[in-house]
Amino acid sequence: MQDTDIDPAILAVLQVLCQAGREGGASPWSLARIAKRAQLPMSVLRRVLTQLQAAGLADFEIDEEGRGHASLSQAGAELATQVFPDTA
């Protein structure tokens with residue numbers, strides 16, 4: 001893998017979160033919904049979201065029972081729009 005390659009899981013999560021933002025709705029999508037759409041195990045999704053949050057590209061929260069939700073930050077939304085201009 002070259003230094004310029006991006007983890008496919010990161011791209012999948014960015015694309016799903018971009019779709020979530022474009023579909024509207026006031027509330028962020030649940031982690032379960034994001035994992036299903038991105039076709040990722042929950043453990044991978046949580047790892048990716050932690051990385052995206054550390055980079056300032058996503059916001060996510062998990063409650064005591066393990067349920068959570070996530071959305072793109074403003075910077076993440078701008079990046080996703082550039083990377084996935086046709087995602088609807």
# chains A, B, ... in the order shown; residues from 1 in each chain; ligands from 1
call {"tool": "residues_around", "arguments": {"residues": "A:Arg22", "least_positions_apart": "3", "cutoff": "12 Å", "atoms": "only C-alpha atoms", "output": "VMD selection string"}}
result
chain A and resid 15 to 19 25 to 26 28 to 29 71 to 72 77 to 78 80 to 81 84 to 88
call {"tool": "closest_residue", "arguments": {"among": "A:Gln82, A:Gly21, A:Pro8, A:Arg33", "to": "A:Ala58", "atoms": "only C-alpha atoms"}}
result
A:Gly21
call {"tool": "residues_around", "arguments": {"residues": "A:Ala9", "least_positions_apart": "4", "cutoff": "12 Å", "atoms": "only C-alpha atoms", "output": "list in words"}}
result
Asp5, Val13, Leu14, Gln15, Val16, Ile34, Ala35, Arg37, Ala38, Gln39, Leu40, Pro41, Met42, Ser43, Val44, Leu45, Arg46, Arg47, Val48, Leu49, Gln51 and Leu52 of chain A
call {"tool": "write_last_selection", "arguments": {"atoms": "C-alpha atoms", "output": "compact mmCIF listing (two decimals), in the first residue's frame"}}
result
# COMPACT_ATOMS: atom_id res chain seq x y z
CA ASP A 5 -3.71 5.17 -0.61
CA VAL A 13 -17.84 5.79 5.93
CA LEU A 14 -17.22 9.20 4.39
CA GLN A 15 -19.52 8.31 1.50
CA VAL A 16 -22.31 7.08 3.79
CA ILE A 34 -24.12 3.67 9.01
CA ALA A 35 -22.48 0.25 9.53
CA ARG A 37 -24.91 1.08 4.61
CA ALA A 38 -21.10 1.03 4.62
CA GLN A 39 -21.12 -2.78 4.93
CA LEU A 40 -18.66 -2.68 7.83
CA PRO A 41 -18.53 -4.46 11.18
CA MET A 42 -19.33 -2.17 14.11
CA SER A 43 -15.77 -2.47 15.45
CA VAL A 44 -14.33 -1.19 12.16
CA LEU A 45 -16.91 1.59 11.98
CA ARG A 46 -16.05 2.78 15.48
CA ARG A 47 -12.31 2.73 14.66
CA VAL A 48 -12.88 4.74 11.48
CA LEU A 49 -15.15 7.24 13.24
CA GLN A 51 -9.97 8.50 13.24
CA LEU A 52 -12.33 10.87 11.42
call {"tool": "select_by_dssp", "arguments": {"residues": "stretch 1-87 of chain A", "states": "helix (DSSP H, G or I)", "output": "PyMOL selection string"}}
result
chain A and resi 8-22+31-38+42-54+74-83
call {"tool": "closest_residue", "arguments": {"among": "A:Leu79, A:Ile10, A:Gly24, A:Glu65", "to": "A:Thr50", "atoms": "only C-alpha atoms"}}
result
A:Ile10
call {"tool": "atom_distance", "arguments": {"atom1": "atom CA of A:Ser27", "atom2": "atom CA of A:Val83"}}
result
23.1 Å
call {"tool": "select_by_dssp", "arguments": {"residues": "chain A", "states": "strand (DSSP E or B)", "output": "number ranges by chain"}}
result
A: 29-30, 58-62, 68-72
call {"tool": "write_last_selection", "arguments": {"atoms": "C-alpha atoms", "output": "PDB file, in the first residue's frame"}}
result
ATOM      1  CA  TRP A  29     -27.740   8.615  11.531  1.00  0.00           C
ATOM      2  CA  SER A  30     -27.356   5.770  14.016  1.00  0.00           C
ATOM      3  CA  ALA A  58     -16.791  13.749  11.829  1.00  0.00           C
ATOM      4  CA  ASP A  59     -18.671  13.964  15.095  1.00  0.00           C
ATOM      5  CA  PHE A  60     -19.933  10.873  16.855  1.00  0.00           C
ATOM      6  CA  GLU A  61     -21.190   9.846  20.264  1.00  0.00           C
ATOM      7  CA  ILE A  62     -21.873   6.521  21.923  1.00  0.00           C
ATOM      8  CA  GLY A  68     -24.611   5.982  19.034  1.00  0.00           C
ATOM      9  CA  HIS A  69     -24.891   8.322  16.108  1.00  0.00           C
ATOM     10  CA  ALA A  70     -22.529  10.140  13.769  1.00  0.00           C
ATOM     11  CA  SER A  71     -22.407  12.927  11.229  1.00  0.00           C
ATOM     12  CA  LEU A  72     -19.821  14.827   9.240  1.00  0.00           C
TER      13      LEU A  72
END
call {"tool": "residues_around", "arguments": {"residues": "A:Leu57", "least_positions_apart": "6", "cutoff": "7 Å", "atoms": "only C-alpha atoms", "output": "MDAnalysis selection string"}}
result
chainID A and resid 72:73 75:76
call {"tool": "closest_residue", "arguments": {"among": "A:Gly56, A:Ile6, A:Ala12, A:Gln74", "to": "A:Lys36", "atoms": "only C-alpha atoms"}}
result
A:Ala12
